[in-house]
Amino acid sequence: MSIISVVGARPNFMKMAPVISAIKDYGLSNYLVHTGQHYDDNMSKVFFTELGLPEPDNFLGVGSGSHASQTAKMLIEFETICLKRKPSLVIVAGDVNSTMACALVAVKLNIPVAHVEAGLRSFDNTMPEEINRILTDRISDLLFTTEDSGTKNLLNEGVPKEKIHFVGNCMIDSVSKFIPLAKEMAPWSKYDLNGNDYCLITLHRPSNVDSQQNIEKITSMLNIMSEKIHIVFPIHPRTKKSINNCTIALSDNIRLLDPLPYVEFLSLMSNAKLVVTDSGGIQEETTYLGVQCITVRENTERPITVELGTNHLTGTVANNILRVFNDIVEGRCKRGEIPSKWDGNSGKRIANVINDFL
Ligand code: UD1
């Protein structure tokens with residue numbers, strides 16, 4: 001019984017590491033494919049080293065491109081591997097282009113697909129990730145959900161309940177495993193930060209950073225925030241390109257960094273007064289860590305982080321964001337709870353289901 005697991009972009013690595021480790025404990029043989037959607041060392045390689053992921057057995061090297069060309073390259077390359085190896089199962093995670101492309105290849109070859117982090121919906125089809133989520137779920141045989149909303153969405157879409165397994169959040173497996181190391185690292189001293197008196201920023205959604213108008217709005221807003229608190233901003237390559245073309249200068253109180261390794265980022269996140277983000281996973285990690293999070297988006301596919309956790313969904317209008325930002329900086333915070341089964345054992349639950357399935 002052989003399994004192919006797929007990773008491709010930064011948010012896949014911390015979700016797949018606990019799953020791969022757990023399926024190995026069951027003695028199942030795993031072949032790891034990296035599509036190469038993310039290829040810079042600081043977007044990919046460093047995560048393998050830190051998370052203890054095995055070296056990929058196959059690196060497809062598809063790189064950047066339009067959605068169609070990136071997806072098309074993955075389809076062709078991944079089909080060759082599946083034809084050769086004839087796996088009993090393909091495991092994909094999350095909602096990136098690599099997830100959808102490799103699931104599609106597998107299902108067309110009648111190979112069952114397992115989707116880690118299934119059922120999440122923003123109900124916003126302008127997000128490329130939403131299309132990837134819907135299509136991947138539609139063709140998967142094992143759907144592993146992280147929160148109740150995911151299970152409900154799948155049932156509403158007609159997915160048979162036998163295919164759905166609420167296993168919790170394996171991204172949190174990685175957070176809980178590495179948080180002791182992260183706390184020890186204390187990188188805030190390296191960046192001359194005073195205790196937890198800083199705000200950590202990550203922004204990379206095309207809708208926020210790709211247009212000149214939007215990146216200028218964001219830059220002005222960050223400059224206003226930086227009058228109240230130090231800002232640390234590890235910058236995604238997509239955002240870096242836009243900021244480089246932006247006519248508004250960033251304040252000296254904003255420290256731009258290259259994308260950070262996993263443990264260092266976790267460390268900065270766990271100690272921050274607040275995080276401002278448009279990422280998916282960071283909404284969940286901050287909820288687990290009890291750190292205040294402002295999500296600069298109109299919607300979230302992870303509603304439990306708002307309902308139960310420390311996430312504030314503010315939309316993208318600067319005045320609304322700044323109002324919540326001021327509340328948090330002045331100590332008016334949200335008390336959060338940790339959602340059910342976000343306990344560090346999700347990878348094991350997934351491996352157990354996969355073992356039974358095979
Ligand atoms: C992708 C995912 C997104 C995820 C994000 C995390 C899709 C549709 N989007 O978005 O869900 O939140 O990853 O980072 O799959 N680039 C580099 N070096 C790299 C990778 C990318 O310079 O290692 C640059 C390229 O110029 C590329 C751009 O970043 O054109 C965007 O990369 P891409 O993978 O297409 O999308 P992301 O914005 O990273």
# chains A, B, ... in the order shown; residues from 1 in each chain; ligands from 1
call {"tool": "residues_around", "arguments": {"residues": "Ser5 in chain A", "least_positions_apart": "4", "cutoff": "7 Å", "atoms": "only C-alpha atoms", "output": "PyMOL selection string"}}
result
chain A and resi 30-33+90-92
call {"tool": "write_last_selection", "arguments": {"atoms": "N, CA, C and O atoms", "output": "mmCIF file, in the first residue's frame"}}
result
data_model
loop_
_atom_site.group_PDB
_atom_site.id
_atom_site.type_symbol
_atom_site.label_atom_id
_atom_site.label_comp_id
_atom_site.auth_asym_id
_atom_site.auth_seq_id
_atom_site.Cartn_x
_atom_site.Cartn_y
_atom_site.Cartn_z
ATOM 1 N N ASN A 30 5.360 6.096 2.434
ATOM 2 C CA ASN A 30 4.971 7.413 1.938
ATOM 3 C C ASN A 30 6.003 7.940 0.947
ATOM 4 O O ASN A 30 7.206 7.874 1.187
ATOM 5 N N TYR A 31 5.524 8.478 -0.167
ATOM 6 C CA TYR A 31 6.377 9.079 -1.195
ATOM 7 C C TYR A 31 5.999 10.552 -1.241
ATOM 8 O O TYR A 31 4.842 10.897 -1.467
ATOM 9 N N LEU A 32 6.983 11.425 -0.970
ATOM 10 C CA LEU A 32 6.665 12.844 -0.828
ATOM 11 C C LEU A 32 6.979 13.619 -2.115
ATOM 12 O O LEU A 32 8.109 13.600 -2.607
ATOM 13 N N VAL A 33 5.959 14.285 -2.636
ATOM 14 C CA VAL A 33 6.137 15.114 -3.842
ATOM 15 C C VAL A 33 6.027 16.581 -3.447
ATOM 16 O O VAL A 33 5.082 16.979 -2.776
ATOM 17 N N VAL A 90 -3.678 9.437 -2.579
ATOM 18 C CA VAL A 90 -2.933 10.699 -2.654
ATOM 19 C C VAL A 90 -3.464 11.608 -1.551
ATOM 20 O O VAL A 90 -4.681 11.771 -1.415
ATOM 21 N N ILE A 91 -2.544 12.172 -0.748
ATOM 22 C CA ILE A 91 -2.959 13.109 0.324
ATOM 23 C C ILE A 91 -2.563 14.524 -0.079
ATOM 24 O O ILE A 91 -1.397 14.771 -0.406
ATOM 25 N N VAL A 92 -3.552 15.421 -0.055
ATOM 26 C CA VAL A 92 -3.272 16.838 -0.317
ATOM 27 C C VAL A 92 -3.750 17.632 0.900
ATOM 28 O O VAL A 92 -4.596 17.163 1.661
#
call {"tool": "residues_near_ligand", "arguments": {"ligand": "ligand 1", "cutoff": "7 Å", "atoms": "only C-alpha atoms and all ligand atoms", "output": "PyMOL selection string"}}
result
chain A and resi 9-11+37-40+43-44+64-65+95-98+128-129+204-206+236-238+279-280
call {"tool": "select_by_dssp", "arguments": {"residues": "range 54-250 of chain A", "states": "strand (DSSP E or B)", "output": "CSV table (one decimal) with N, CA, C and O atoms, in the first residue's frame"}}
result
chain,number,residue,atom,x,y,z
A,58,ASN,N,10.4,13.6,-4.9
A,58,ASN,CA,10.3,14.2,-6.2
A,58,ASN,C,10.0,15.6,-6.1
A,58,ASN,O,9.0,16.0,-5.4
A,59,PHE,N,10.8,16.5,-6.8
A,59,PHE,CA,10.6,17.9,-6.8
A,59,PHE,C,10.2,18.3,-8.2
A,59,PHE,O,11.0,18.1,-9.1
A,89,LEU,N,-3.3,5.9,-2.5
A,89,LEU,CA,-4.0,7.1,-2.0
A,89,LEU,C,-3.1,8.3,-2.2
A,89,LEU,O,-1.8,8.2,-2.2
A,90,VAL,N,-3.7,9.4,-2.6
A,90,VAL,CA,-2.9,10.7,-2.7
A,90,VAL,C,-3.5,11.6,-1.6
A,90,VAL,O,-4.7,11.8,-1.4
A,91,ILE,N,-2.5,12.2,-0.7
A,91,ILE,CA,-3.0,13.1,0.3
A,91,ILE,C,-2.6,14.5,-0.1
A,91,ILE,O,-1.4,14.8,-0.4
A,92,VAL,N,-3.6,15.4,-0.1
A,92,VAL,CA,-3.3,16.8,-0.3
A,92,VAL,C,-3.8,17.6,0.9
A,92,VAL,O,-4.6,17.2,1.7
A,93,ALA,N,-3.2,18.9,1.1
A,93,ALA,CA,-3.6,19.7,2.2
A,93,ALA,C,-3.9,21.1,1.8
A,93,ALA,O,-3.3,21.6,0.9
A,113,VAL,N,-8.5,10.2,-3.1
A,113,VAL,CA,-7.8,11.4,-2.6
A,113,VAL,C,-8.2,11.7,-1.1
A,113,VAL,O,-9.4,11.6,-0.8
A,114,ALA,N,-7.3,12.0,-0.3
A,114,ALA,CA,-7.6,12.5,1.1
A,114,ALA,C,-7.3,14.0,1.1
A,114,ALA,O,-6.2,14.4,0.7
A,115,HIS,N,-8.2,14.7,1.6
A,115,HIS,CA,-8.0,16.2,1.7
A,115,HIS,C,-7.9,16.6,3.2
A,115,HIS,O,-8.9,16.5,3.9
A,116,VAL,N,-6.7,17.1,3.6
A,116,VAL,CA,-6.5,17.6,4.9
A,116,VAL,C,-6.9,19.1,5.0
A,116,VAL,O,-6.4,19.8,4.1
A,117,GLU,N,-7.8,19.4,5.9
A,117,GLU,CA,-8.4,20.8,6.0
A,117,GLU,C,-9.5,21.0,5.0
A,117,GLU,O,-9.5,21.9,4.2
A,118,ALA,N,-10.4,20.1,5.0
A,118,ALA,CA,-11.6,20.1,4.1
A,118,ALA,C,-12.7,21.0,4.6
A,118,ALA,O,-12.8,21.2,5.8
A,142,LEU,N,-11.7,11.0,1.3
A,142,LEU,CA,-11.6,11.2,2.7
A,142,LEU,C,-11.4,12.7,3.0
A,142,LEU,O,-10.5,13.3,2.4
A,143,LEU,N,-12.4,13.3,3.8
A,143,LEU,CA,-12.4,14.7,4.0
A,143,LEU,C,-12.2,15.0,5.5
A,143,LEU,O,-13.0,14.6,6.3
A,144,PHE,N,-11.0,15.5,5.8
A,144,PHE,CA,-10.6,15.8,7.2
A,144,PHE,C,-10.9,17.2,7.6
A,144,PHE,O,-10.3,18.1,7.0
A,145,THR,N,-11.9,17.4,8.5
A,145,THR,CA,-12.3,18.8,8.8
A,145,THR,C,-11.6,19.2,10.1
A,145,THR,O,-11.3,18.4,11.0
A,164,ILE,N,-16.6,12.1,5.7
A,164,ILE,CA,-16.2,13.3,6.5
A,164,ILE,C,-15.7,12.9,7.9
A,164,ILE,O,-16.4,12.1,8.6
A,165,HIS,N,-14.5,13.3,8.2
A,165,HIS,CA,-13.9,13.0,9.5
A,165,HIS,C,-13.4,14.3,10.2
A,165,HIS,O,-12.5,15.0,9.7
A,166,PHE,N,-14.1,14.6,11.4
A,166,PHE,CA,-13.6,15.7,12.1
A,166,PHE,C,-12.5,15.3,13.0
A,166,PHE,O,-12.6,14.6,14.0
A,198,TYR,N,4.9,45.1,20.5
A,198,TYR,CA,5.0,45.2,19.0
A,198,TYR,C,3.8,44.5,18.3
A,198,TYR,O,3.1,43.7,18.9
A,199,CYS,N,3.6,44.9,17.1
A,199,CYS,CA,2.6,44.3,16.3
A,199,CYS,C,3.2,43.6,15.1
A,199,CYS,O,4.1,44.2,14.4
A,200,LEU,N,2.9,42.4,14.9
A,200,LEU,CA,3.4,41.6,13.8
A,200,LEU,C,2.4,41.6,12.6
A,200,LEU,O,1.2,41.4,12.8
A,201,ILE,N,3.0,41.9,11.4
A,201,ILE,CA,2.1,42.1,10.2
A,201,ILE,C,2.5,41.0,9.2
A,201,ILE,O,3.7,40.7,9.0
A,202,THR,N,1.5,40.4,8.6
A,202,THR,CA,1.7,39.6,7.4
A,202,THR,C,0.6,39.9,6.4
A,202,THR,O,-0.6,39.8,6.8
A,230,HIS,N,5.6,49.6,17.8
A,230,HIS,CA,6.6,49.1,16.8
A,230,HIS,C,6.0,48.0,15.9
A,230,HIS,O,5.2,47.2,16.4
A,231,ILE,N,6.3,48.1,14.6
A,231,ILE,CA,5.7,47.1,13.7
A,231,ILE,C,6.8,46.2,13.1
A,231,ILE,O,7.9,46.8,12.7
A,232,VAL,N,6.6,44.9,13.1
A,232,VAL,CA,7.5,44.0,12.5
A,232,VAL,C,6.8,43.3,11.3
A,232,VAL,O,5.7,42.8,11.5
A,233,PHE,N,7.4,43.4,10.2
A,233,PHE,CA,6.7,43.0,9.0
A,233,PHE,C,7.5,42.1,8.1
A,233,PHE,O,8.3,42.5,7.2
A,234,PRO,N,7.5,40.7,8.3
A,234,PRO,CA,8.2,39.8,7.4
A,234,PRO,C,7.4,39.8,6.1
A,234,PRO,O,6.2,39.5,6.1
call {"tool": "residues_around", "arguments": {"residues": "range 122-124 of chain A", "least_positions_apart": "4", "cutoff": "12 Å", "atoms": "only C-alpha atoms", "output": "list in words"}}
result
Asp95, Pro128, Glu129, Glu130, Ile131, Asn132, Arg133, Ile134, Ser149, Gly150, Asn153, Ser207, Gly280, Arg297, Glu298, Asn299, Thr300, Glu301, Arg302 and Pro303 of chain A
call {"tool": "write_last_selection", "arguments": {"atoms": "N, CA, C and O atoms", "output": "PDB file, in the first residue's frame"}}
result
ATOM      1  N   ASP A  95      -5.442  24.680   0.534  1.00  0.00           N
ATOM      2  CA  ASP A  95      -6.245  25.268  -0.543  1.00  0.00           C
ATOM      3  C   ASP A  95      -5.410  25.945  -1.622  1.00  0.00           C
ATOM      4  O   ASP A  95      -5.876  26.843  -2.313  1.00  0.00           O
ATOM      5  N   PRO A 128      -8.855  32.751  -5.198  1.00  0.00           N
ATOM      6  CA  PRO A 128      -8.419  31.511  -5.859  1.00  0.00           C
ATOM      7  C   PRO A 128      -8.490  30.307  -4.919  1.00  0.00           C
ATOM      8  O   PRO A 128      -8.814  29.196  -5.330  1.00  0.00           O
ATOM      9  N   GLU A 129      -8.233  30.551  -3.628  1.00  0.00           N
ATOM     10  CA  GLU A 129      -8.243  29.440  -2.667  1.00  0.00           C
ATOM     11  C   GLU A 129      -9.636  28.839  -2.517  1.00  0.00           C
ATOM     12  O   GLU A 129      -9.770  27.652  -2.254  1.00  0.00           O
ATOM     13  N   GLU A 130     -10.679  29.664  -2.665  1.00  0.00           N
ATOM     14  CA  GLU A 130     -12.041  29.141  -2.503  1.00  0.00           C
ATOM     15  C   GLU A 130     -12.354  28.149  -3.635  1.00  0.00           C
ATOM     16  O   GLU A 130     -12.935  27.097  -3.403  1.00  0.00           O
ATOM     17  N   ILE A 131     -11.915  28.480  -4.831  1.00  0.00           N
ATOM     18  CA  ILE A 131     -12.119  27.567  -5.964  1.00  0.00           C
ATOM     19  C   ILE A 131     -11.350  26.272  -5.696  1.00  0.00           C
ATOM     20  O   ILE A 131     -11.875  25.164  -5.897  1.00  0.00           O
ATOM     21  N   ASN A 132     -10.124  26.401  -5.227  1.00  0.00           N
ATOM     22  CA  ASN A 132      -9.324  25.203  -4.930  1.00  0.00           C
ATOM     23  C   ASN A 132      -9.986  24.346  -3.861  1.00  0.00           C
ATOM     24  O   ASN A 132     -10.002  23.112  -3.953  1.00  0.00           O
ATOM     25  N   ARG A 133     -10.563  24.996  -2.848  1.00  0.00           N
ATOM     26  CA  ARG A 133     -11.214  24.235  -1.761  1.00  0.00           C
ATOM     27  C   ARG A 133     -12.431  23.471  -2.290  1.00  0.00           C
ATOM     28  O   ARG A 133     -12.598  22.279  -2.012  1.00  0.00           O
ATOM     29  N   ILE A 134     -13.286  24.176  -3.038  1.00  0.00           N
ATOM     30  CA  ILE A 134     -14.534  23.560  -3.508  1.00  0.00           C
ATOM     31  C   ILE A 134     -14.222  22.372  -4.429  1.00  0.00           C
ATOM     32  O   ILE A 134     -14.780  21.282  -4.273  1.00  0.00           O
ATOM     33  N   SER A 149     -17.844  24.120  11.205  1.00  0.00           N
ATOM     34  CA  SER A 149     -18.357  24.772   9.986  1.00  0.00           C
ATOM     35  C   SER A 149     -17.945  23.966   8.751  1.00  0.00           C
ATOM     36  O   SER A 149     -18.699  23.852   7.794  1.00  0.00           O
ATOM     37  N   GLY A 150     -16.741  23.391   8.778  1.00  0.00           N
ATOM     38  CA  GLY A 150     -16.272  22.598   7.637  1.00  0.00           C
ATOM     39  C   GLY A 150     -17.159  21.381   7.410  1.00  0.00           C
ATOM     40  O   GLY A 150     -17.567  21.071   6.291  1.00  0.00           O
ATOM     41  N   ASN A 153     -20.584  22.576   6.098  1.00  0.00           N
ATOM     42  CA  ASN A 153     -20.530  22.994   4.688  1.00  0.00           C
ATOM     43  C   ASN A 153     -20.534  21.781   3.763  1.00  0.00           C
ATOM     44  O   ASN A 153     -21.218  21.749   2.749  1.00  0.00           O
ATOM     45  N   SER A 207      -5.841  40.543  -3.397  1.00  0.00           N
ATOM     46  CA  SER A 207      -6.829  41.630  -3.313  1.00  0.00           C
ATOM     47  C   SER A 207      -6.318  42.779  -2.434  1.00  0.00           C
ATOM     48  O   SER A 207      -6.741  43.920  -2.594  1.00  0.00           O
ATOM     49  N   GLY A 280      -4.741  32.784   5.989  1.00  0.00           N
ATOM     50  CA  GLY A 280      -5.730  31.864   6.537  1.00  0.00           C
ATOM     51  C   GLY A 280      -5.244  31.258   7.839  1.00  0.00           C
ATOM     52  O   GLY A 280      -5.845  31.419   8.903  1.00  0.00           O
ATOM     53  N   ARG A 297      -9.696  41.331   5.979  1.00  0.00           N
ATOM     54  CA  ARG A 297     -10.463  40.697   4.895  1.00  0.00           C
ATOM     55  C   ARG A 297     -11.951  40.914   5.175  1.00  0.00           C
ATOM     56  O   ARG A 297     -12.332  41.208   6.307  1.00  0.00           O
ATOM     57  N   GLU A 298     -12.757  40.740   4.141  1.00  0.00           N
ATOM     58  CA  GLU A 298     -14.204  40.902   4.309  1.00  0.00           C
ATOM     59  C   GLU A 298     -14.845  39.622   4.836  1.00  0.00           C
ATOM     60  O   GLU A 298     -15.983  39.636   5.292  1.00  0.00           O
ATOM     61  N   ASN A 299     -14.143  38.501   4.708  1.00  0.00           N
ATOM     62  CA  ASN A 299     -14.742  37.225   5.114  1.00  0.00           C
ATOM     63  C   ASN A 299     -13.636  36.301   5.620  1.00  0.00           C
ATOM     64  O   ASN A 299     -12.463  36.544   5.377  1.00  0.00           O
ATOM     65  N   THR A 300     -14.075  35.258   6.294  1.00  0.00           N
ATOM     66  CA  THR A 300     -13.096  34.225   6.680  1.00  0.00           C
ATOM     67  C   THR A 300     -13.713  32.853   6.461  1.00  0.00           C
ATOM     68  O   THR A 300     -14.897  32.649   6.717  1.00  0.00           O
ATOM     69  N   GLU A 301     -12.880  31.934   5.993  1.00  0.00           N
ATOM     70  CA  GLU A 301     -13.318  30.546   5.834  1.00  0.00           C
ATOM     71  C   GLU A 301     -13.129  29.786   7.151  1.00  0.00           C
ATOM     72  O   GLU A 301     -13.415  28.601   7.212  1.00  0.00           O
ATOM     73  N   ARG A 302     -12.632  30.486   8.177  1.00  0.00           N
ATOM     74  CA  ARG A 302     -12.344  29.841   9.477  1.00  0.00           C
ATOM     75  C   ARG A 302     -13.136  30.555  10.569  1.00  0.00           C
ATOM     76  O   ARG A 302     -12.564  31.198  11.458  1.00  0.00           O
ATOM     77  N   PRO A 303     -14.497  30.477  10.512  1.00  0.00           N
ATOM     78  CA  PRO A 303     -15.320  31.303  11.404  1.00  0.00           C
ATOM     79  C   PRO A 303     -15.126  31.009  12.882  1.00  0.00           C
ATOM     80  O   PRO A 303     -15.364  31.888  13.716  1.00  0.00           O
TER      81      PRO A 303
END
call {"tool": "residues_around", "arguments": {"residues": "Ile282 in chain A", "least_positions_apart": "4", "cutoff": "9 Å", "atoms": "only C-alpha atoms", "output": "ChimeraX atom specification"}}
result
/A:202,269,275,277-278,286-287,293
call {"tool": "select_by_dssp", "arguments": {"residues": "range 20-104 of chain A", "states": "alpha helix (DSSP H)", "output": "PyMOL selection string"}}
result
chain A and resi 20-25+45-51+67-85+97-104
call {"tool": "residues_around", "arguments": {"residues": "range 219-229 of chain A", "least_positions_apart": "4", "cutoff": "12 Å", "atoms": "only C-alpha atoms", "output": "PyMOL selection string"}}
result
chain A and resi 193-203+208-209+212-215+233+239-240+242-256+272-277+296+316-330
call {"tool": "decode", "arguments": {"residues": "range 213-226 of chain A", "atoms": "N, CA and C atoms", "output": "compact mmCIF listing (two decimals), in the first residue's frame"}}
result
# COMPACT_ATOMS: atom_id res chain seq x y z
N GLN A 213 -3.28 51.09 -5.81
CA GLN A 213 -4.19 51.82 -4.92
C GLN A 213 -4.27 51.13 -3.55
N ASN A 214 -4.43 49.80 -3.57
CA ASN A 214 -4.59 49.08 -2.30
C ASN A 214 -3.30 49.05 -1.49
N ILE A 215 -2.18 48.87 -2.15
CA ILE A 215 -0.92 48.81 -1.37
C ILE A 215 -0.64 50.19 -0.76
N GLU A 216 -1.05 51.25 -1.44
CA GLU A 216 -0.84 52.60 -0.87
C GLU A 216 -1.76 52.82 0.34
N LYS A 217 -2.97 52.30 0.24
CA LYS A 217 -3.89 52.40 1.39
C LYS A 217 -3.32 51.67 2.61
N ILE A 218 -2.80 50.47 2.32
CA ILE A 218 -2.23 49.64 3.41
C ILE A 218 -1.01 50.34 4.00
N THR A 219 -0.14 50.87 3.14
CA THR A 219 1.08 51.52 3.63
C THR A 219 0.72 52.71 4.54
N SER A 220 -0.25 53.52 4.11
CA SER A 220 -0.65 54.67 4.94
C SER A 220 -1.17 54.19 6.30
N MET A 221 -1.95 53.10 6.25
CA MET A 221 -2.51 52.58 7.51
C MET A 221 -1.39 52.08 8.44
N LEU A 222 -0.44 51.38 7.88
CA LEU A 222 0.67 50.88 8.72
C LEU A 222 1.46 52.04 9.32
N ASN A 223 1.62 53.10 8.54
CA ASN A 223 2.34 54.28 9.07
C ASN A 223 1.59 54.87 10.27
N ILE A 224 0.25 54.90 10.19
CA ILE A 224 -0.53 55.42 11.33
C ILE A 224 -0.36 54.49 12.53
N MET A 225 -0.46 53.17 12.30
CA MET A 225 -0.29 52.21 13.40
C MET A 225 1.08 52.38 14.07
N SER A 226 2.09 52.64 13.25
CA SER A 226 3.46 52.67 13.77
C SER A 226 3.71 53.88 14.68
